[in-house]
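Notes follow once the structure below has been shown.
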Amino acid sequence: MPKTVKLRKGFDINLAGKAEKKISDSLHSRTYAVKPADFIGMQRPKALVSVGDSVKAGTPVLADKKNETVNYVSPVSGEVIDIKRGEKRKLLEIVIQADKEISYESFKNYSTSDLVKVSKDELKEQMLKAGVWPNILTRPFGVVANSNDTPKSIFISAFDSSPLAPDYNISFKGDDKAFQAGVSVLKKFTDGYIHINVNSADEVNPMFLNADGVQINKFTGKHPAGNVGVQIHHVDPIAKGDIVWTVSPFGVVQIGKLFLEGKFDASKIIALTGSEVSNPQYYKTFAGANVKTFTDGNLKNDHVRYVSGNILTGENVGEDGHLGFYANQFTVLPEGDHFQFMGWILPTINKLSFHRAFGLLSFLNGSKKEYVLDTNTQGEPRAFVQTGAFEKVVPMDILPTHLLKAILAEDFDEMEELGLYEVIEEDFALCEFIDVSKHDVQSILREGLDLLQYS
Amino acid sequence: MKFLRNIVEKAKVPFEKGGKLAKYHHLFETIDTLLFVPNDTAKLKGVQVRDAVDLKRFMMTVIISLLPALLFGMYNVGYQYYQAVGLEPTSAWDLWWVGIQRVVPVIIITYVFGLFITEFAFSVIRKHPINEGFLVSGILIPMVMPPTIPLWQVACASIFAVVIAKEAFGGTGMNVLNVALVARAFLYFAYPSDISGDQVWVYLGEQVAVDGFSGATPLALAASTLESGQNVVQTFAASTTDFSFANLFYGFVPGSIGETSVLMILIGAAILVFTGVGSWKVMISVFGGAYLMALLLSVAGANEYMLMPAHYHLVIGGLAFGAVFMATDPVTATQTETGKWIYGAMIGILTVIIRVLNPAYPEGIMLAILFMNVFAPLVDYYVVAANKKRRLKRATV
């Protein structure tokens with residue numbers, strides 16, 4: 001039974017710098033990178049290539065020594081020019097200089113009708129080998145899925161509600177066939193449903209509505225309505241022992257293309273957004289592109305932060321960094337390392353706030369106003385004071401404060417019982433944004449997940 | 001502001017790690033962050049922008065909501081003074097001036113002993129930043145004191161409250177009991193003659209009260225009907241002070257400094273609710289609980305106090321002040337939304353029970369809130385257990 005869910009809790013952060021609805025494919029990044037840190041749950045990353053090796057798109061470059069069945073592959077063809085390491089020789093980035101013309105490792109291709117007949121094991125083997133497997137994440141924990149699991153259902157969120165998020169009507173053009181092929185492949189892995197969750201308040205890309213063999217659920221509400229974790233909670237909640245897989249539409253398309261075209265196609269359309277970008281718009285590129293490609297000559301000032309992903313869950317990659325494997329969006333924000341005289345009490349309508357405490361007048365602006373926000377923390381860390389605000393931005397039957405306290409106390413039973421299996425960082429990102437005491441809520445949550453997963 | 005910033009940066013050096021005064025780092029940080037919001041930026045991963053709110057602004061909102069009641073309280077101290085000594089003030093300013101002379105020293109003493117001595121000492125010893133919680137407690141403590149309170153008692157109570165009620169439990173955010181109420185309870189049990197009875201609610205200074213002046217609070221009068229057997233409303237009407245319902249609502253009556261005017265407290269409540277800083281659920285349920293309990297008692301009607309019209313309970317004594325400013329303290333209240341209804345209602349019910357059925361304590365709100373502070377975790381426990389149960393129901397393992 002398709003569900004219609006209306007969410008009342010949540011908060012939309014309306015920022016300046018939305019991507020204009022046009023796609024450029026004229027810019028080609030010189031370098032691309034594969035970063036172990038993108039794959040949460042990768043425990044012992046190991047580089048499979050060395051500097052000077054030449055690779056094709058789809059050549060394995062990285063593996064997890066704890067789980068070597070999954071290949072992490074190069075998004076482009078070219079030469080490995082750098083393997084960056086940090087403290088204690090921690091592997092940070094494998095940088096590949098791209099060829100002008102991308103050449104691909106070749107894998108077996110199938111016709112649409114064949115796909116239905118092929119066995120799950122054959123599909124699985126190719127997915128693991130060709131590098132599309134990391135698109136499949138598993139709940140609980142939000143880590144790359146174990147290929148031996150059978151999930152009770154698979155969830156695809158067909159919209160992104162996070163700040164400045166890309167519009168999936170632009171991000172997916174002509175990918176209908178690949179998407180359908182991806183869905184058909186995923187269908188083999190579960191006995192349950194494949195849920196596609198669409199935003200009923202907005203125009204939906206027909207690619208999702210026309211998909212075959214799926215259940216389409218409708219969601220409305222503020223962010224985090226587009227978070228797949230919130231959708232799972234309302235459609236088919238996870239209890240202890242349950243396994244649910246989640247795949248982003250970008251991943252589904254990539255899986256589909258692998259089987260239809262017989263190659264690992266890491267190309268995707270990303271949104272370049274943020275108040276400091278002169279011409280925010282969409283770009284066609286490959287996963288792991290160098291951010292300089294898009295910012296050169298395209299910034300309003302140079303004291304900025306380069307965020308791979310959205311501003312709630314993203315990562316500061318620096319001016320010469322590379323986008324993450326899962327990033328569909330790249331945001332440039334003004335850096336906020338300035339002092340504000342009496343800034344803690346002066347009334348302001350330009351600083352966005354979920355709260356309406358004295359002088360925070362942003363609620364007067366209405367929801368249409370676009371804010372330019374910088375990266376200043378707007379205050380210093382303080383003791384945790386329970387203000388009841390967290391409960392207003394988590395649209396799930398979960399008690400965020402109690403869950404976080406259970407994690408801090410390392411109380412395993414309590415964490416389980418309060419629903420830690422149902423959430424990952426992105427679901428609590430708004431709590432971190434609105435926190436009066438400026439805690440790192442998302443990293444606290446991951447600590448709890450790590451405790452449950454590894455001990 | 002660059003000029004001022006440079007001064008602060010220079011002054012900062014000895015307080016930094018390895019500096020001569022590094023021990024006092026958190027003291028300096030307090031002053032620094034009051035002047036300037038620091039230049040900290042978001043971490044590499046996670047939320048890259050933050051909400052404009054911080055704990056300082058949050059706490060300042062509470063202080064602002066307290067101001068109407070505090071300013072009125074000062075005025076009322078003067079008003080009661082002139083009523084009692086039988087002098088005619090030449091202007092409204094005279095009334096204020098008496099109140100300011102009396103109340104401001106109490107506030108200063110509270111801050112000096114509570115914040116500048118005790119909290120600062122703890123921040124140095126325990127090496128934690130000074131939290132803004134006491135900014136609020138420092139205003140609340142004077143407001144729940146009778147206007148005649150000796151300053152040395154205020155100092156003792158402030159120190160006791162900060163050390164025993166707060167720092168012993170780990171500081172702001174960790175305390176079980178409301179800090180300001182602990183200060184009051186401390187004096188209530190340690191020096192009962194200075195905080196209860198009929199003689200302490202009107203500040204007389206060096207003067208002597210005129211003949212026939214009683215100085216009793218409406219609570220004391222209401223409780224006295226238990227012995228006299230007279231109708232409460234008639235007793236109010238017979239008093240030399242105007243104890244009509246309207247005046248009890250406006251607050252020109254003897255009582256603790258900040259508690260008398262329900263009107264001003266409701267203005268504060270409106271600020272708290274509008275800004276979302278105070279929980280309207282707690283406020284409504286305290287008033288509701290008290291009103292229903294009073295109704296119930298008046299149905300029972302065993303004595304005149306029980307028969308007092310239920311709505312009088314809402315305007316006499318500290319019920320309104322406690323409901324709006326004390327029960328809503330986010331740290332000591334229940335933390336679940338469902339729990340807030342139960343917590344508030346229980347405070348209201350207990351307040352009326354203590355007032356009416358326990359002749360030893362004329363006022364019930366202080367003990368009711370402290371009692372429910374202790375029970376808040378239990379209420380939460382059951383609300384959380386219900387949440388867990390819903391989750392467990394769908395588990396298969």
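Residue numbering restarts at 1 in every chain; chains get A, B, ... in the order shown in the structure tokens, and ligands count up from 1 in that same order.
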Quick one: which chain B residues come within 6 Å of chain A, and what is the nearest atom pair for each with the distance in Å to one decimal, counting only C-alpha atoms, rows ordered by chain and ascending number, as a tab-separated table?
```
residue	atom	partner	partner_atom	distance
B:Leu35	CA	A:Met342	CA	5.1
B:Phe36	CA	A:Phe341	CA	4.3
B:Val37	CA	A:Gln340	CA	5.0
B:Pro38	CA	A:Phe339	CA	5.2
B:Asn39	CA	A:Asp337	CA	4.4
B:Asp40	CA	A:Asn376	CA	5.7
B:Thr41	CA	A:Asn376	CA	4.3
B:Ala42	CA	A:Thr375	CA	5.5
B:Leu44	CA	A:Asn316	CA	4.9
B:Lys45	CA	A:Glu315	CA	4.3
B:Gly46	CA	A:Thr313	CA	4.5
B:Val47	CA	A:Leu312	CA	4.2
B:Gln48	CA	A:Ile311	CA	5.1
B:Val49	CA	A:Thr375	CA	4.7
B:Arg50	CA	A:Phe433	CA	4.9
B:Asp51	CA	A:Ser353	CA	5.0
B:Ala52	CA	A:Ser353	CA	5.3
B:Val53	CA	A:Val436	CA	5.8
B:Asp54	CA	A:Val436	CA	4.6
B:Leu55	CA	A:Val436	CA	5.4
B:Arg57	CA	A:Ile345	CA	5.8
B:Phe58	CA	A:Ala357	CA	5.8
B:Thr61	CA	A:Phe358	CA	5.1
B:Gly173	CA	A:Val385	CA	5.1
B:Thr275	CA	A:Arg356	CA	4.5
B:Pro330	CA	A:Gln386	CA	5.7
B:Lys388	CA	A:Glu417	CA	5.4
B:Ala395	CA	A:Ala239	CA	4.7
B:Val397	CA	A:Gly241	CA	5.8
```
Give the helix (DSSP H, G or I) residues of stretch 193-371 of chain A, as assigned by DSSP on the backbone, as an mmCIF file with C-alpha atoms, in the first residue's frame.
```
data_model
loop_
_atom_site.group_PDB
_atom_site.id
_atom_site.type_symbol
_atom_site.label_atom_id
_atom_site.label_comp_id
_atom_site.auth_asym_id
_atom_site.auth_seq_id
_atom_site.Cartn_x
_atom_site.Cartn_y
_atom_site.Cartn_z
ATOM 1 C CA PRO A 206 8.593 11.233 -14.568
ATOM 2 C CA MET A 207 11.576 8.889 -14.339
ATOM 3 C CA PHE A 208 10.437 8.062 -10.802
ATOM 4 C CA LEU A 209 6.717 7.942 -11.451
ATOM 5 C CA VAL A 228 15.669 8.487 3.361
ATOM 6 C CA GLY A 229 15.924 7.647 7.074
ATOM 7 C CA VAL A 230 12.849 9.717 7.864
ATOM 8 C CA GLN A 231 11.015 8.043 4.992
ATOM 9 C CA ILE A 232 11.926 4.562 6.194
ATOM 10 C CA HIS A 233 10.649 5.456 9.656
ATOM 11 C CA HIS A 234 7.227 6.322 8.293
ATOM 12 C CA VAL A 235 6.899 3.608 5.670
ATOM 13 C CA PRO A 249 18.782 7.827 -7.540
ATOM 14 C CA PHE A 250 22.316 8.659 -8.720
ATOM 15 C CA GLY A 251 23.383 5.216 -7.560
ATOM 16 C CA VAL A 252 20.418 3.503 -9.186
ATOM 17 C CA VAL A 253 21.239 5.146 -12.522
ATOM 18 C CA GLN A 254 24.889 4.138 -12.179
ATOM 19 C CA ILE A 255 23.898 0.532 -11.509
ATOM 20 C CA GLY A 256 21.525 0.591 -14.474
ATOM 21 C CA LYS A 257 24.170 1.973 -16.823
ATOM 22 C CA LEU A 258 26.625 -0.708 -15.753
ATOM 23 C CA PHE A 259 24.316 -3.428 -16.948
ATOM 24 C CA LEU A 260 22.911 -1.691 -20.032
ATOM 25 C CA GLU A 261 26.190 -0.314 -21.324
ATOM 26 C CA LYS A 292 38.726 24.232 -8.701
ATOM 27 C CA THR A 293 37.245 23.344 -12.063
ATOM 28 C CA PHE A 294 33.989 24.992 -11.087
ATOM 29 C CA THR A 295 35.208 27.827 -8.912
ATOM 30 C CA SER A 362 14.528 36.246 11.130
ATOM 31 C CA PHE A 363 10.997 34.908 11.558
ATOM 32 C CA LEU A 364 9.767 38.333 10.421
ATOM 33 C CA ASN A 365 11.263 37.781 6.981
#
```
Neighbours of A:Leu164 within 9 Å (only C-alpha atoms; same-chain residues fewer than 3 positions away dropped), as a list in words?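 Returned residues: Ile13, Asn14, Leu15, Ala16, Gly17, Lys18, Ala19, Ser161, Asp167, Ala271, Thr273, Gly274, Asn310, Ile311, Gln329 and Thr331 of chain A.
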For those residues, write N, CA and C atoms to a file as a compact mmCIF listing (two decimals), in the first residue's frame.
```txt
# COMPACT_ATOMS: atom_id res chain seq x y z
N ILE A 13 16.17 25.61 5.60
CA ILE A 13 17.17 26.67 5.61
C ILE A 13 17.25 27.21 4.19
N ASN A 14 16.73 28.40 4.03
CA ASN A 14 16.62 28.96 2.68
C ASN A 14 17.83 29.86 2.41
N LEU A 15 18.78 29.35 1.68
CA LEU A 15 20.01 30.10 1.45
C LEU A 15 20.04 30.74 0.08
N ALA A 16 20.83 31.80 -0.02
CA ALA A 16 21.04 32.43 -1.33
C ALA A 16 22.01 31.56 -2.12
N GLY A 17 21.88 31.60 -3.43
CA GLY A 17 22.82 30.88 -4.28
C GLY A 17 22.27 29.57 -4.82
N LYS A 18 20.97 29.56 -5.13
CA LYS A 18 20.40 28.35 -5.73
C LYS A 18 20.93 28.18 -7.15
N ALA A 19 21.08 26.93 -7.54
CA ALA A 19 21.62 26.66 -8.87
C ALA A 19 20.59 27.03 -9.93
N SER A 161 15.73 17.44 0.18
CA SER A 161 15.14 18.63 0.81
C SER A 161 16.17 19.48 1.52
N ASP A 167 17.81 20.02 -7.90
CA ASP A 167 16.47 19.66 -8.34
C ASP A 167 16.61 18.40 -9.21
N ALA A 271 25.11 20.05 -8.72
CA ALA A 271 24.69 21.45 -8.61
C ALA A 271 25.79 22.24 -7.91
N THR A 273 26.38 25.48 -5.95
CA THR A 273 25.47 26.39 -5.25
C THR A 273 26.23 27.24 -4.24
N GLY A 274 25.53 28.14 -3.62
CA GLY A 274 26.10 28.94 -2.54
C GLY A 274 26.15 30.42 -2.87
N ASN A 310 25.94 19.16 0.95
CA ASN A 310 25.14 20.30 1.39
C ASN A 310 25.69 20.84 2.70
N ILE A 311 25.16 21.98 3.14
CA ILE A 311 25.75 22.66 4.29
C ILE A 311 25.40 22.00 5.62
N GLN A 329 26.24 17.72 -5.01
CA GLN A 329 26.11 19.14 -4.80
C GLN A 329 27.43 19.66 -4.26
N THR A 331 28.86 23.31 -2.51
CA THR A 331 28.40 24.59 -1.98
C THR A 331 29.58 25.46 -1.58
```
As an MDAnalysis selection string, please: all residues of stretch 163-307 of chain A that backbone DSSP puts in strand (DSSP E). chainID A and resid 194:199 215:220 244:246 267:273 281:286 304:307
Can you spit out the residues from that selection as a PDB file, in the first residue's frame, using C-alpha atoms?
```
ATOM      1  CA  ILE A 194      11.405  -1.142  -3.504  1.00  0.00           C
ATOM      2  CA  HIS A 195      10.066   2.136  -2.157  1.00  0.00           C
ATOM      3  CA  ILE A 196      10.443   5.306  -4.158  1.00  0.00           C
ATOM      4  CA  ASN A 197       9.507   8.324  -2.081  1.00  0.00           C
ATOM      5  CA  VAL A 198       8.500  11.445  -3.955  1.00  0.00           C
ATOM      6  CA  ASN A 199       7.741  14.973  -2.858  1.00  0.00           C
ATOM      7  CA  GLN A 215       5.873   1.273  -4.509  1.00  0.00           C
ATOM      8  CA  ILE A 216       5.650   5.039  -4.742  1.00  0.00           C
ATOM      9  CA  ASN A 217       5.073   6.876  -1.453  1.00  0.00           C
ATOM     10  CA  LYS A 218       4.269  10.546  -1.200  1.00  0.00           C
ATOM     11  CA  PHE A 219       5.871  12.879   1.313  1.00  0.00           C
ATOM     12  CA  THR A 220       5.353  16.530   2.111  1.00  0.00           C
ATOM     13  CA  VAL A 244      17.038  -2.054   4.917  1.00  0.00           C
ATOM     14  CA  TRP A 245      19.073  -0.837   1.986  1.00  0.00           C
ATOM     15  CA  THR A 246      19.066   2.685   0.666  1.00  0.00           C
ATOM     16  CA  SER A 267      29.257  10.763 -14.724  1.00  0.00           C
ATOM     17  CA  LYS A 268      26.622  12.756 -12.959  1.00  0.00           C
ATOM     18  CA  ILE A 269      25.082  16.190 -12.937  1.00  0.00           C
ATOM     19  CA  ILE A 270      26.016  18.131  -9.850  1.00  0.00           C
ATOM     20  CA  ALA A 271      24.689  21.448  -8.606  1.00  0.00           C
ATOM     21  CA  LEU A 272      27.147  24.233  -7.883  1.00  0.00           C
ATOM     22  CA  THR A 273      25.468  26.392  -5.249  1.00  0.00           C
ATOM     23  CA  GLN A 281      24.242  26.246 -12.007  1.00  0.00           C
ATOM     24  CA  TYR A 282      24.435  22.542 -12.847  1.00  0.00           C
ATOM     25  CA  TYR A 283      27.519  20.859 -14.259  1.00  0.00           C
ATOM     26  CA  LYS A 284      27.977  17.508 -15.867  1.00  0.00           C
ATOM     27  CA  THR A 285      31.064  15.868 -14.454  1.00  0.00           C
ATOM     28  CA  PHE A 286      32.324  12.661 -12.886  1.00  0.00           C
ATOM     29  CA  VAL A 304      35.266  31.157   1.286  1.00  0.00           C
ATOM     30  CA  ARG A 305      34.687  27.569   2.298  1.00  0.00           C
ATOM     31  CA  TYR A 306      34.374  24.788  -0.253  1.00  0.00           C
ATOM     32  CA  VAL A 307      31.819  22.255   0.851  1.00  0.00           C
TER      33      VAL A 307
END
```
From the options B:Leu177, B:Leu263, B:Ile257, B:Leu4, which residue's atoms come nearest to B:Ile100, counting only C-alpha atoms? B:Ile257
To one decimal in Å, tell me the separation between atom CA of B:Ala386 and atom CA of B:Gly289.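 Going from atom CA of B:Ala386 over to atom CA of B:Gly289, I get 23.2 Å.
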Taking 4 positions as the minimum chain separation for residues in the same chain, which residues sit within 6 Å of B:Gly138 when counting only C-alpha atoms? Answer as a PyMOL selection string. chain B and resi 110-111+134
Given the selection you just returned, output its residues as a file containing C-alpha atoms, formatted as a compact mmCIF listing (two decimals), in the first residue's frame.
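Everything below was put into out.txt:
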```txt
# COMPACT_ATOMS: atom_id res chain seq x y z
CA THR B 110 23.34 37.65 44.71
CA TYR B 111 25.55 38.18 41.68
CA PHE B 134 23.43 31.96 36.74
```
What lies within 12 Å of stretch 247-252 of chain B using only C-alpha atoms, ignoring chain neighbours under 4 positions off, as an mmCIF file with C-alpha atoms, in the first residue's frame?
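selection14.cif was written with the following content:
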```cif
data_model
loop_
_atom_site.group_PDB
_atom_site.id
_atom_site.type_symbol
_atom_site.label_atom_id
_atom_site.label_comp_id
_atom_site.auth_asym_id
_atom_site.auth_seq_id
_atom_site.Cartn_x
_atom_site.Cartn_y
_atom_site.Cartn_z
ATOM 1 C CA ALA B 69 7.773 41.673 37.173
ATOM 2 C CA LEU B 70 11.050 42.898 38.645
ATOM 3 C CA PHE B 72 6.902 46.266 39.226
ATOM 4 C CA GLY B 73 8.281 44.472 42.279
ATOM 5 C CA MET B 74 10.550 47.420 43.029
ATOM 6 C CA TYR B 75 7.642 49.795 42.651
ATOM 7 C CA ASN B 76 5.502 47.652 44.910
ATOM 8 C CA VAL B 77 8.165 47.549 47.632
ATOM 9 C CA GLY B 78 7.947 51.348 47.716
ATOM 10 C CA TYR B 79 4.176 51.325 47.489
ATOM 11 C CA GLN B 80 3.850 48.970 50.438
ATOM 12 C CA TYR B 81 6.392 51.029 52.347
ATOM 13 C CA TYR B 82 4.425 54.236 52.002
ATOM 14 C CA GLN B 83 1.178 52.435 52.815
ATOM 15 C CA VAL B 202 6.661 44.939 53.843
ATOM 16 C CA THR B 217 -0.012 38.321 52.735
ATOM 17 C CA PRO B 218 -3.219 37.074 51.146
ATOM 18 C CA LEU B 219 -1.969 33.524 51.682
ATOM 19 C CA VAL B 233 -13.354 36.594 50.431
ATOM 20 C CA PHE B 236 -9.940 39.755 52.275
ATOM 21 C CA ALA B 237 -12.498 42.542 52.068
ATOM 22 C CA THR B 241 -5.004 46.298 52.282
ATOM 23 C CA ASP B 242 -7.032 46.063 49.087
ATOM 24 C CA PHE B 243 -7.331 42.317 48.497
ATOM 25 C CA SER B 256 7.975 38.370 47.781
ATOM 26 C CA ILE B 257 9.619 41.026 45.627
ATOM 27 C CA GLY B 258 8.728 39.650 42.211
ATOM 28 C CA GLU B 259 5.743 37.426 42.813
ATOM 29 C CA THR B 260 2.831 39.761 43.504
ATOM 30 C CA SER B 261 1.742 41.003 40.103
ATOM 31 C CA VAL B 262 0.089 38.320 38.023
ATOM 32 C CA LEU B 263 -0.332 40.854 35.229
ATOM 33 C CA MET B 264 3.404 41.507 34.939
ATOM 34 C CA ILE B 265 4.159 37.813 35.224
ATOM 35 C CA LEU B 266 1.766 37.109 32.378
ATOM 36 C CA ILE B 267 3.559 39.709 30.260
ATOM 37 C CA HIS B 311 -9.638 31.285 40.739
ATOM 38 C CA TYR B 312 -8.285 33.090 43.792
ATOM 39 C CA HIS B 313 -5.626 30.413 44.084
ATOM 40 C CA LEU B 314 -4.185 31.543 40.762
ATOM 41 C CA VAL B 315 -3.589 35.131 41.858
ATOM 42 C CA ILE B 316 -2.469 34.804 45.464
ATOM 43 C CA GLY B 317 1.033 33.895 46.535
ATOM 44 C CA GLY B 318 3.735 32.758 44.153
ATOM 45 C CA LEU B 319 1.775 30.329 42.014
ATOM 46 C CA ALA B 320 1.906 32.469 38.879
ATOM 47 C CA PHE B 321 5.560 33.332 39.349
#
```
Compile the contact shell of A:Lys263 as a VMD selection string: residues with an atom at most 12 Å away, counting only C-alpha atoms, same-chain residues fewer than 3 positions apart removed. chain A and resid 56 to 59 73 to 76 102 to 110 126 to 127 129 to 132 254 to 260 266 to 267
Those residues you just picked out, can you put them in a file as a tab-separated table (two decimals), in the first residue's frame with N, CA and C atoms?
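Result went into selection_19.tsv, see below:
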```
chain	number	residue	atom	x	y	z
A	56	LYS	N	41.78	2.74	-15.99
A	56	LYS	CA	40.60	3.06	-16.79
A	56	LYS	C	39.44	3.34	-15.84
A	57	ALA	N	38.37	3.93	-16.38
A	57	ALA	CA	37.18	4.10	-15.55
A	57	ALA	C	36.66	2.72	-15.21
A	58	GLY	N	36.63	2.37	-13.94
A	58	GLY	CA	36.20	1.04	-13.53
A	58	GLY	C	37.33	0.16	-13.06
A	59	THR	N	38.57	0.65	-13.11
A	59	THR	CA	39.70	-0.11	-12.58
A	59	THR	C	39.73	0.03	-11.06
A	73	VAL	N	36.44	1.82	-7.38
A	73	VAL	CA	37.12	1.94	-8.68
A	73	VAL	C	37.35	3.40	-9.06
A	74	SER	N	38.17	3.55	-10.07
A	74	SER	CA	38.46	4.89	-10.58
A	74	SER	C	37.27	5.41	-11.38
A	75	PRO	N	36.88	6.67	-11.18
A	75	PRO	CA	35.75	7.21	-11.93
A	75	PRO	C	36.11	7.55	-13.37
A	76	VAL	N	37.40	7.74	-13.64
A	76	VAL	CA	37.82	8.15	-14.99
A	76	VAL	C	39.05	7.33	-15.39
A	102	ILE	N	37.74	9.54	-22.14
A	102	ILE	CA	37.68	8.52	-21.08
A	102	ILE	C	37.54	7.14	-21.71
A	103	SER	N	38.41	6.23	-21.30
A	103	SER	CA	38.22	4.84	-21.76
A	103	SER	C	37.76	4.01	-20.56
A	104	TYR	N	36.97	3.00	-20.86
A	104	TYR	CA	36.29	2.26	-19.80
A	104	TYR	C	36.74	0.81	-19.75
A	105	GLU	N	36.82	0.26	-18.55
A	105	GLU	CA	36.93	-1.19	-18.41
A	105	GLU	C	35.64	-1.77	-18.97
A	106	SER	N	35.74	-2.91	-19.62
A	106	SER	CA	34.48	-3.40	-20.16
A	106	SER	C	33.93	-4.54	-19.30
A	107	PHE	N	32.63	-4.44	-19.06
A	107	PHE	CA	31.92	-5.46	-18.30
A	107	PHE	C	30.81	-6.00	-19.19
A	108	LYS	N	30.20	-7.06	-18.73
A	108	LYS	CA	29.16	-7.68	-19.54
A	108	LYS	C	27.93	-6.77	-19.61
A	109	ASN	N	27.38	-6.58	-20.82
A	109	ASN	CA	26.14	-5.81	-20.88
A	109	ASN	C	24.95	-6.70	-21.23
A	110	TYR	N	23.79	-6.21	-20.82
A	110	TYR	CA	22.57	-6.99	-20.93
A	110	TYR	C	21.50	-6.14	-21.60
A	126	GLN	N	29.01	-8.80	-10.68
A	126	GLN	CA	29.41	-7.69	-11.55
A	126	GLN	C	29.35	-6.35	-10.81
A	127	MET	N	28.34	-6.20	-9.93
A	127	MET	CA	28.23	-4.93	-9.19
A	127	MET	C	29.41	-4.73	-8.25
A	129	LYS	N	32.38	-6.06	-8.58
A	129	LYS	CA	33.61	-5.94	-9.35
A	129	LYS	C	33.72	-4.56	-10.00
A	130	ALA	N	32.60	-4.07	-10.50
A	130	ALA	CA	32.65	-2.86	-11.34
A	130	ALA	C	32.57	-1.57	-10.54
A	131	GLY	N	32.44	-1.66	-9.22
A	131	GLY	CA	32.52	-0.44	-8.42
A	131	GLY	C	31.21	0.27	-8.17
A	132	VAL	N	30.07	-0.33	-8.55
A	132	VAL	CA	28.80	0.36	-8.26
A	132	VAL	C	28.23	-0.07	-6.91
A	254	GLN	N	23.55	4.69	-11.93
A	254	GLN	CA	24.89	4.14	-12.18
A	254	GLN	C	24.84	2.61	-12.31
A	255	ILE	N	24.04	2.00	-11.44
A	255	ILE	CA	23.90	0.53	-11.51
A	255	ILE	C	23.25	0.14	-12.84
A	256	GLY	N	22.21	0.89	-13.21
A	256	GLY	CA	21.52	0.59	-14.47
A	256	GLY	C	22.47	0.70	-15.67
A	257	LYS	N	23.26	1.77	-15.69
A	257	LYS	CA	24.17	1.97	-16.82
A	257	LYS	C	25.21	0.86	-16.91
A	258	LEU	N	25.64	0.37	-15.75
A	258	LEU	CA	26.63	-0.71	-15.75
A	258	LEU	C	26.09	-1.91	-16.54
A	259	PHE	N	24.84	-2.22	-16.31
A	259	PHE	CA	24.32	-3.43	-16.95
A	259	PHE	C	23.86	-3.17	-18.38
A	260	LEU	N	23.37	-1.97	-18.66
A	260	LEU	CA	22.91	-1.69	-20.03
A	260	LEU	C	24.08	-1.43	-20.97
A	266	ALA	N	30.71	6.93	-14.10
A	266	ALA	CA	30.60	7.75	-12.89
A	266	ALA	C	30.13	9.16	-13.20
A	267	SER	N	29.68	9.40	-14.41
A	267	SER	CA	29.26	10.76	-14.72
A	267	SER	C	27.97	11.09	-14.00
```
Would you kindly return, as a compact mmCIF listing (two decimals) with N, CA and C atoms, in the first residue's frame, each protein, DNA or RNA residue with an atom no farther than 12 Å from any atom of B:Thr338, considering only C-alpha atoms and excluding same-chain residues fewer than 6 positions away?
```
# COMPACT_ATOMS: atom_id res chain seq x y z
N GLY A 388 14.12 21.61 24.37
CA GLY A 388 12.95 21.07 23.68
C GLY A 388 12.94 21.36 22.20
N GLU A 391 13.42 18.23 19.53
CA GLU A 391 12.21 17.45 19.27
C GLU A 391 11.39 18.06 18.14
N LEU A 399 13.12 10.18 20.49
CA LEU A 399 13.43 11.24 21.45
C LEU A 399 14.90 11.61 21.29
N SER B 279 8.27 26.84 28.19
CA SER B 279 7.29 25.88 27.69
C SER B 279 5.87 26.28 28.09
N LYS B 281 3.37 24.53 27.66
CA LYS B 281 2.70 23.34 28.20
C LYS B 281 2.81 23.31 29.71
N VAL B 282 4.01 23.61 30.21
CA VAL B 282 4.20 23.59 31.66
C VAL B 282 3.35 24.68 32.31
N SER B 285 -0.35 23.83 32.27
CA SER B 285 -0.72 22.70 33.12
C SER B 285 -0.57 23.03 34.61
N GLY B 344 3.72 19.66 35.05
CA GLY B 344 3.07 20.93 35.37
C GLY B 344 1.82 20.71 36.20
N ALA B 345 1.00 19.78 35.77
CA ALA B 345 -0.25 19.54 36.49
C ALA B 345 0.01 19.12 37.92
N ALA B 376 10.76 14.65 38.24
CA ALA B 376 10.75 14.83 36.79
C ALA B 376 11.42 13.67 36.05
N VAL B 379 8.97 10.81 35.82
CA VAL B 379 7.94 11.03 34.81
C VAL B 379 8.52 10.76 33.42
N ASP B 380 9.72 11.32 33.18
CA ASP B 380 10.38 11.09 31.90
C ASP B 380 10.62 9.61 31.65
N TYR B 381 10.99 8.92 32.72
CA TYR B 381 11.31 7.51 32.58
C TYR B 381 10.13 6.75 31.97
N TYR B 382 8.92 7.07 32.45
CA TYR B 382 7.76 6.35 31.95
C TYR B 382 7.39 6.79 30.53
N VAL B 383 7.58 8.08 30.25
CA VAL B 383 7.29 8.55 28.88
C VAL B 383 8.28 7.90 27.90
N VAL B 384 9.55 7.85 28.30
CA VAL B 384 10.56 7.23 27.44
C VAL B 384 10.28 5.74 27.30
N ALA B 386 7.47 4.31 27.27
CA ALA B 386 6.38 4.12 26.32
C ALA B 386 6.90 4.21 24.89
N ASN B 387 7.83 5.14 24.67
CA ASN B 387 8.44 5.27 23.34
C ASN B 387 9.19 3.99 22.97
```
Give me, please, the distance in Å between atom CA of B:Gln153 and atom CA of B:Pro105, quoted to one decimal.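 Taking atom CA of B:Gln153 as the start and atom CA of B:Pro105 as the end point, the length is 12.5 Å.
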